[in-house]
Protein chains: 4
Amino acid sequence: MDTAQASWKDKLHEIIYEADTKAGKLFDVLLLVTIVASIILVMLESVPTIDAVYHNFFNIAEWVITLLFTIEYILRIICIKKPSSYIFSYFGLIDFLATIPKYLSLIMGGTHALLVLRALRLLRVFRILKISRYIGESNKLISALKASRPKITVFVFAVMILAIILGTVMYLVEGNADSGFTSIPRSIYWTIVTLTTVGYGDITPATALGQFIASIVMIMGYGIIAVPTGIVSAEFTAQNNTIANNTKACTNCGTGKHKDDAKFCNNCGDKL
Amino acid sequence: MDTAQASWKDKLHEIIYEADTKAGKLFDVLLLVTIVASIILVMLESVPTIDAVYHNFFNIAEWVITLLFTIEYILRIICIKKPSSYIFSYFGLIDFLATIPKYLSLIMGGTHALLVLRALRLLRVFRILKISRYIGESNKLISALKASRPKITVFVFAVMILAIILGTVMYLVEGNADSGFTSIPRSIYWTIVTLTTVGYGDITPATALGQFIASIVMIMGYGIIAVPTGIVSAEFTAQNNTIANNTKACTNCGTGKHKDDAKFCNNCGDKL
Amino acid sequence: MDTAQASWKDKLHEIIYEADTKAGKLFDVLLLVTIVASIILVMLESVPTIDAVYHNFFNIAEWVITLLFTIEYILRIICIKKPSSYIFSYFGLIDFLATIPKYLSLIMGGTHALLVLRALRLLRVFRILKISRYIGESNKLISALKASRPKITVFVFAVMILAIILGTVMYLVEGNADSGFTSIPRSIYWTIVTLTTVGYGDITPATALGQFIASIVMIMGYGIIAVPTGIVSAEFTAQNNTIANNTKACTNCGTGKHKDDAKFCNNCGDKL
Amino acid sequence: MDTAQASWKDKLHEIIYEADTKAGKLFDVLLLVTIVASIILVMLESVPTIDAVYHNFFNIAEWVITLLFTIEYILRIICIKKPSSYIFSYFGLIDFLATIPKYLSLIMGGTHALLVLRALRLLRVFRILKISRYIGESNKLISALKASRPKITVFVFAVMILAIILGTVMYLVEGNADSGFTSIPRSIYWTIVTLTTVGYGDITPATALGQFIASIVMIMGYGIIAVPTGIVSAEFTAQNNTIANNTKACTNCGTGKHKDDAKFCNNCGDKL
């Protein structure tokens, strides 16, 4: 257990899985650069004019990145004590999926579907961020969103039902007006586009009645957009208050987060 | 009154109207599946390419669902003590309207207008949700929205007046510019599309003055969208505070607004 | 001063200017109906297809409304003690402007510009609302908005400067791309359309660089829309807190709005 | 050090750099007018129809403004004790960049790129505003935004990753549908346009699956737009509370957070 006894496996583990040493930090930075480079490659490759010129370069670069990811994946398995705990973990699966697309293209041919796998490499970024996560503000963000989840779920469900009913009504009103409301699913799509205030304009009401109903839908969307905002705002405000109250801690039982004007601990009754 | 004396009517009542027994829960799940299936049918039927192929299947499936709803509706009337209290209740009317569209189509022919009746079946979902409602968060959502209602009403009214005046101004400015502002109602429709930040782009100002006024309308819309959000946020924040505070009061000194997990009064140290 | 001495002028004053008596309420309702009718007339008249059929009816109806408004205006002047205090008041001017458009059309011909005057009739609605205003919630809304005004002004000013700079940048980038950015004012119009998340799509970036900058502008708009919402939310929350605290009032000096846990009046020091 | 000994340099310094004297205020107003005029010139010059007529006037006016800015820049350097502290300060650089575009156009020809330099003149406005800033509300705005910065950064980063993954998915789904998703960068541009609820409509999904995914993206955008709003709202609420609370503390019992208009401590009744 002593560091003197640390084998090369332990050292490798420290470099790859942790970020406390210089080598560990360097590894993280290199990994980040490789991930970002691989994503930029995916993007540029999809632009026809660029791909026409640099097709060979993209092919070679993708092989280089795939090899680097393969080496990293093997090293990760070697230097961990229980390989299965890594392989079937969330990040283990992401790492695996990030490595295989180019190998799969040998078998399946360069299908478009592999692009999504390659885009998923971006999720690997979270591994590197995870380390600094506790310093950052993302924890607060996530806990506020988690606290809002039940309310948000109810809300999304209500919006869905509203969209289906309003979509059916608009299909009836505009269905024959040659204005894009050709089926109920398309009308529901329009309703969501409108309720969320996105408003593409690819489908727009053409009849007077349709425009009147659309106006009502928009004003409803106004009110509706206030709901998730209100939920999240209240959650952040509540969180801020909790943090502000955090200063007092009971000397007897250690309970924190007392109210500002508390004179006695609300857990053990000891005077604060 | 003893459960031993419970007739088949009482048992049926328990299954259909309540969700405490296994059979009751199963009934609710089956009902939910039927409702969702009927809605998906309505949607798919409206897509011309799908309807062309499966028209007969859709017809038969709609008859099956109609028969199931008919049986359920009759059972609901039979097993309740005062049938009229069900028939004329909110959900009684919804159930009736959900059942009749196919029968009506025999008399009136398959008119489009019946589609809305069929879409209203979705409202039946709320009956099943109602049961679990008290566990969920929808109560909080609804009470926050109810508390905001008077403010929201005043707000919607003010937006309406603003839309009419701005719409008239835009009609004057853009009326001759061949840019879609062909009448005041259409200009009002444009104003609402703009104020709510939906922005379809089916009608857009073409003159320099029109674009200048539109810019002002948009920045106003910016400020205006803040109002319902602010109202609802404040309501949720108030609700969060109330919930956190209301639950406990010290029996010794009467101090209230203790934290949810408080075991001792934070004013006098007495056990809660 | 006794009601027995009340002349017909006093009675008329009570009917027209107040809403406490039955006759006064009836007068308000009739006035509201006339105003709304006159606005609907203005709207329908602007629709070419409707105007073609009902042109004569609209002409006569406008004369009837003008005569009713004229009679009301004269009565308001007669039954008040100081006519000048009415004529030059805010509502006196609105009433005058609401009455004259048809007379002006005799002199000037039926120019479009008179439409705005006729749309301003809508402002008369506020007179009737004013009475019930103190019961409603509009006071709270208005005071929250007033408290937010200095912050909102600073904010709108900052958005303006941002729009001008970003508009100039987009003009440079997209100016030659035949994508609608034909001049800086038009580019500024596009920036405002984008920052406010309205997004008509009448002008959209066509070059890759333009789309990249547009993406940044949109994410900025995201953050920016949070500012007025945040300001108004905080104002409403503050207002709610004040209202919640309103219950305690000092028995000695009558000062209200004490904090919930106050034991002594914060104005006179008397025990609460 | 006495004002009697103040040389003309000191007087000039007072006029140019400060706003306490009458002359200083006049200088600021003149500077503001010149800046605004120069910006309006830049805008109008970019409109082809206006530039065709007034090209010579714009040229002369730009020279006049450039000369005024040159004189001001030289005076600023002369009347300050340490010229380098001004030249390399934030505003010193802005002033320099605001002065040179016309001179550069002599060397480089009237390239479009100089337009941005001319638009940057707008930043000079902040110098004049800086003086009244402490009176205004911008400080509160800025401090609330600063406090929100770490959360906003995390948020923008998360939106970016989401946009890249969703953009890739949409490229796969819609890539062959001739609906504008011609490359991944363009699809990412579409995702940002949709998530931010801008919704131009220059690129819209055409397939049923694409519209389904787009609907999900929009509802996500709904939830996502709530996050920055919630962050900023909570920050403003916290700030409001801090301001209301921080000012007073009882000298007898030490209770703080008294109301702004409190004259006596609400805990012990002692005069504040």
# chains A, B, ... in the order shown; residues from 1 in each chain; ligands from 1
>>> residues_around(residues="D:Lys146", least_positions_apart="5", cutoff="10 Å", atoms="only C-alpha atoms", output="PyMOL selection string")
chain D and resi 140-141+151-152+232+235
>>> write_last_selection(atoms="N, CA and C atoms", output="compact mmCIF listing (two decimals), in the first residue's frame")
# COMPACT_ATOMS: atom_id res chain seq x y z
N LYS D 140 -25.83 47.99 -10.08
CA LYS D 140 -26.56 46.83 -9.56
C LYS D 140 -26.67 45.76 -10.62
N LEU D 141 -27.03 46.20 -11.85
CA LEU D 141 -27.15 45.29 -12.98
C LEU D 141 -25.85 44.53 -13.18
N LYS D 151 -22.15 30.50 -13.13
CA LYS D 151 -23.28 29.65 -13.51
C LYS D 151 -23.57 29.78 -15.00
N ILE D 152 -23.55 31.03 -15.51
CA ILE D 152 -23.85 31.26 -16.92
C ILE D 152 -22.81 30.57 -17.81
N VAL D 232 -30.38 34.62 -13.15
CA VAL D 232 -30.34 36.08 -13.01
C VAL D 232 -31.43 36.56 -12.05
N GLU D 235 -30.38 36.02 -8.57
CA GLU D 235 -29.33 36.97 -8.22
C GLU D 235 -29.91 38.33 -7.89
>>> closest_atom_pairs(of="chain C", to="chain B", cutoff="6 Å", atoms="only C-alpha atoms", output="tab-separated table")
residue	atom	partner	partner_atom	distance
C:Met43	CA	B:Ile184	CA	5.3
C:Ser46	CA	B:Ser183	CA	4.9
C:Val47	CA	B:Ser183	CA	4.9
C:Ala119	CA	B:Ile165	CA	6.0
C:Glu137	CA	B:Lys151	CA	5.4
C:Thr197	CA	B:Thr197	CA	5.9
C:Val198	CA	B:Thr197	CA	4.1
C:Gly199	CA	B:Gly199	CA	5.4
C:Tyr200	CA	B:Gly201	CA	4.0
C:Gly201	CA	B:Gly201	CA	5.7
C:Pro228	CA	B:Ala226	CA	5.9
C:Thr229	CA	B:Ala226	CA	4.1
C:Val232	CA	B:Gly230	CA	5.2
C:Ser233	CA	B:Gly230	CA	3.6
C:Phe236	CA	B:Ala234	CA	5.6
C:Thr237	CA	B:Ala234	CA	4.5
>>> atom_distance(atom1="atom CA of B:Trp190", atom2="atom CA of C:Ile100")
28.3 Å
>>> select_by_dssp(residues="stretch 19-139 of chain B", states="helix (DSSP H, G or I)", output="JSON, numbers by chain")
{"B": [22, 23, 24, 25, 26, 27, 28, 29, 30, 31, 32, 33, 34, 35, 36, 37, 38, 39, 40, 41, 42, 43, 44, 45, 48, 49, 50, 51, 52, 53, 54, 55, 56, 57, 58, 59, 60, 61, 62, 63, 64, 65, 66, 67, 68, 69, 70, 71, 72, 73, 74, 75, 76, 77, 78, 79, 83, 84, 85, 86, 87, 90, 91, 92, 93, 94, 95, 96, 97, 98, 99, 101, 102, 103, 104, 105, 106, 107, 108, 114, 115, 116, 117, 118, 119, 120, 121, 122, 123, 124, 125, 126, 127, 128, 129, 130, 131, 132, 133, 138, 139]}
>>> closest_residue(among="A:Leu106, A:Asp20, A:Pro83, A:Phe27", to="A:Trp63", atoms="only C-alpha atoms")
A:Leu106
>>> atom_distance(atom1="atom CA of A:Ile50", atom2="atom CA of D:Gly180")
17.2 Å
>>> atom_distance(atom1="atom CA of C:Asp10", atom2="atom CA of C:Ile87")
18.2 Å
>>> residues_around(residues="A:Leu115", least_positions_apart="2", cutoff="8 Å", atoms="only C-alpha atoms", output="PyMOL selection string")
(chain A and resi 42+101+111-113+117-119) or (chain D and resi 168+172)
>>> decode(residues="stretch 57-87 of chain A", atoms="N, CA and C atoms", output="JSON list (two decimals), in the first residue's frame")
[["chain", "number", "residue", "atom", "x", "y", "z"],
["A", 57, "PHE", "N", -6.91, 13.42, -46.15],
["A", 57, "PHE", "CA", -6.42, 13.88, -44.85],
["A", 57, "PHE", "C", -7.39, 13.50, -43.73],
["A", 58, "PHE", "N", -8.70, 13.70, -43.97],
["A", 58, "PHE", "CA", -9.71, 13.36, -42.95],
["A", 58, "PHE", "C", -9.66, 11.88, -42.62],
["A", 59, "ASN", "N", -9.47, 11.05, -43.66],
["A", 59, "ASN", "CA", -9.44, 9.61, -43.46],
["A", 59, "ASN", "C", -8.26, 9.22, -42.57],
["A", 60, "ILE", "N", -7.07, 9.76, -42.89],
["A", 60, "ILE", "CA", -5.87, 9.45, -42.10],
["A", 60, "ILE", "C", -6.02, 9.97, -40.67],
["A", 61, "ALA", "N", -6.49, 11.22, -40.53],
["A", 61, "ALA", "CA", -6.62, 11.83, -39.20],
["A", 61, "ALA", "C", -7.58, 11.00, -38.34],
["A", 62, "GLU", "N", -8.66, 10.51, -38.93],
["A", 62, "GLU", "CA", -9.61, 9.70, -38.19],
["A", 62, "GLU", "C", -8.96, 8.40, -37.71],
["A", 63, "TRP", "N", -8.08, 7.81, -38.57],
["A", 63, "TRP", "CA", -7.37, 6.60, -38.14],
["A", 63, "TRP", "C", -6.42, 6.89, -37.00],
["A", 64, "VAL", "N", -5.72, 8.03, -37.06],
["A", 64, "VAL", "CA", -4.79, 8.40, -35.98],
["A", 64, "VAL", "C", -5.56, 8.53, -34.67],
["A", 65, "ILE", "N", -6.69, 9.26, -34.72],
["A", 65, "ILE", "CA", -7.48, 9.46, -33.50],
["A", 65, "ILE", "C", -8.02, 8.13, -32.99],
["A", 66, "THR", "N", -8.49, 7.28, -33.90],
["A", 66, "THR", "CA", -9.00, 5.98, -33.49],
["A", 66, "THR", "C", -7.91, 5.16, -32.80],
["A", 67, "LEU", "N", -6.67, 5.20, -33.34],
["A", 67, "LEU", "CA", -5.57, 4.46, -32.72],
["A", 67, "LEU", "C", -5.26, 5.00, -31.33],
["A", 68, "LEU", "N", -5.21, 6.34, -31.21],
["A", 68, "LEU", "CA", -4.95, 6.96, -29.90],
["A", 68, "LEU", "C", -6.01, 6.53, -28.89],
["A", 69, "PHE", "N", -7.28, 6.57, -29.31],
["A", 69, "PHE", "CA", -8.37, 6.18, -28.41],
["A", 69, "PHE", "C", -8.26, 4.69, -28.04],
["A", 70, "THR", "N", -7.85, 3.87, -29.03],
["A", 70, "THR", "CA", -7.71, 2.44, -28.78],
["A", 70, "THR", "C", -6.64, 2.17, -27.73],
["A", 71, "ILE", "N", -5.47, 2.83, -27.90],
["A", 71, "ILE", "CA", -4.38, 2.68, -26.93],
["A", 71, "ILE", "C", -4.85, 3.10, -25.55],
["A", 72, "GLU", "N", -5.52, 4.26, -25.48],
["A", 72, "GLU", "CA", -5.99, 4.77, -24.20],
["A", 72, "GLU", "C", -6.98, 3.79, -23.56],
["A", 73, "TYR", "N", -7.89, 3.24, -24.39],
["A", 73, "TYR", "CA", -8.91, 2.32, -23.88],
["A", 73, "TYR", "C", -8.26, 1.08, -23.29],
["A", 74, "ILE", "N", -7.22, 0.52, -23.99],
["A", 74, "ILE", "CA", -6.53, -0.67, -23.51],
["A", 74, "ILE", "C", -5.78, -0.36, -22.21],
["A", 75, "LEU", "N", -5.11, 0.80, -22.18],
["A", 75, "LEU", "CA", -4.37, 1.18, -20.97],
["A", 75, "LEU", "C", -5.32, 1.32, -19.78],
["A", 76, "ARG", "N", -6.47, 1.91, -20.02],
["A", 76, "ARG", "CA", -7.44, 2.07, -18.94],
["A", 76, "ARG", "C", -7.84, 0.71, -18.35],
["A", 77, "ILE", "N", -8.01, -0.28, -19.23],
["A", 77, "ILE", "CA", -8.40, -1.61, -18.77],
["A", 77, "ILE", "C", -7.26, -2.28, -18.02],
["A", 78, "ILE", "N", -6.04, -2.11, -18.52],
["A", 78, "ILE", "CA", -4.88, -2.77, -17.91],
["A", 78, "ILE", "C", -4.63, -2.26, -16.50],
["A", 79, "CYS", "N", -4.65, -0.92, -16.33],
["A", 79, "CYS", "CA", -4.16, -0.36, -15.07],
["A", 79, "CYS", "C", -5.22, -0.31, -13.97],
["A", 80, "ILE", "N", -6.43, -0.76, -14.24],
["A", 80, "ILE", "CA", -7.44, -0.76, -13.18],
["A", 80, "ILE", "C", -7.49, -2.15, -12.55],
["A", 81, "LYS", "N", -7.83, -2.19, -11.25],
["A", 81, "LYS", "CA", -7.82, -3.49, -10.57],
["A", 81, "LYS", "C", -8.97, -4.37, -11.04],
["A", 82, "LYS", "N", -10.17, -3.81, -11.08],
["A", 82, "LYS", "CA", -11.32, -4.59, -11.55],
["A", 82, "LYS", "C", -11.77, -4.08, -12.93],
["A", 83, "PRO", "N", -11.23, -4.60, -14.03],
["A", 83, "PRO", "CA", -11.54, -4.08, -15.37],
["A", 83, "PRO", "C", -13.06, -4.01, -15.63],
["A", 84, "SER", "N", -13.81, -5.00, -15.15],
["A", 84, "SER", "CA", -15.25, -5.00, -15.45],
["A", 84, "SER", "C", -15.95, -3.77, -14.87],
["A", 85, "SER", "N", -15.45, -3.27, -13.71],
["A", 85, "SER", "CA", -16.09, -2.10, -13.10],
["A", 85, "SER", "C", -15.91, -0.87, -14.00],
["A", 86, "TYR", "N", -14.83, -0.86, -14.79],
["A", 86, "TYR", "CA", -14.63, 0.24, -15.74],
["A", 86, "TYR", "C", -15.42, 0.01, -17.03],
["A", 87, "ILE", "N", -15.30, -1.22, -17.57],
["A", 87, "ILE", "CA", -15.88, -1.49, -18.90],
["A", 87, "ILE", "C", -17.38, -1.22, -18.93]]
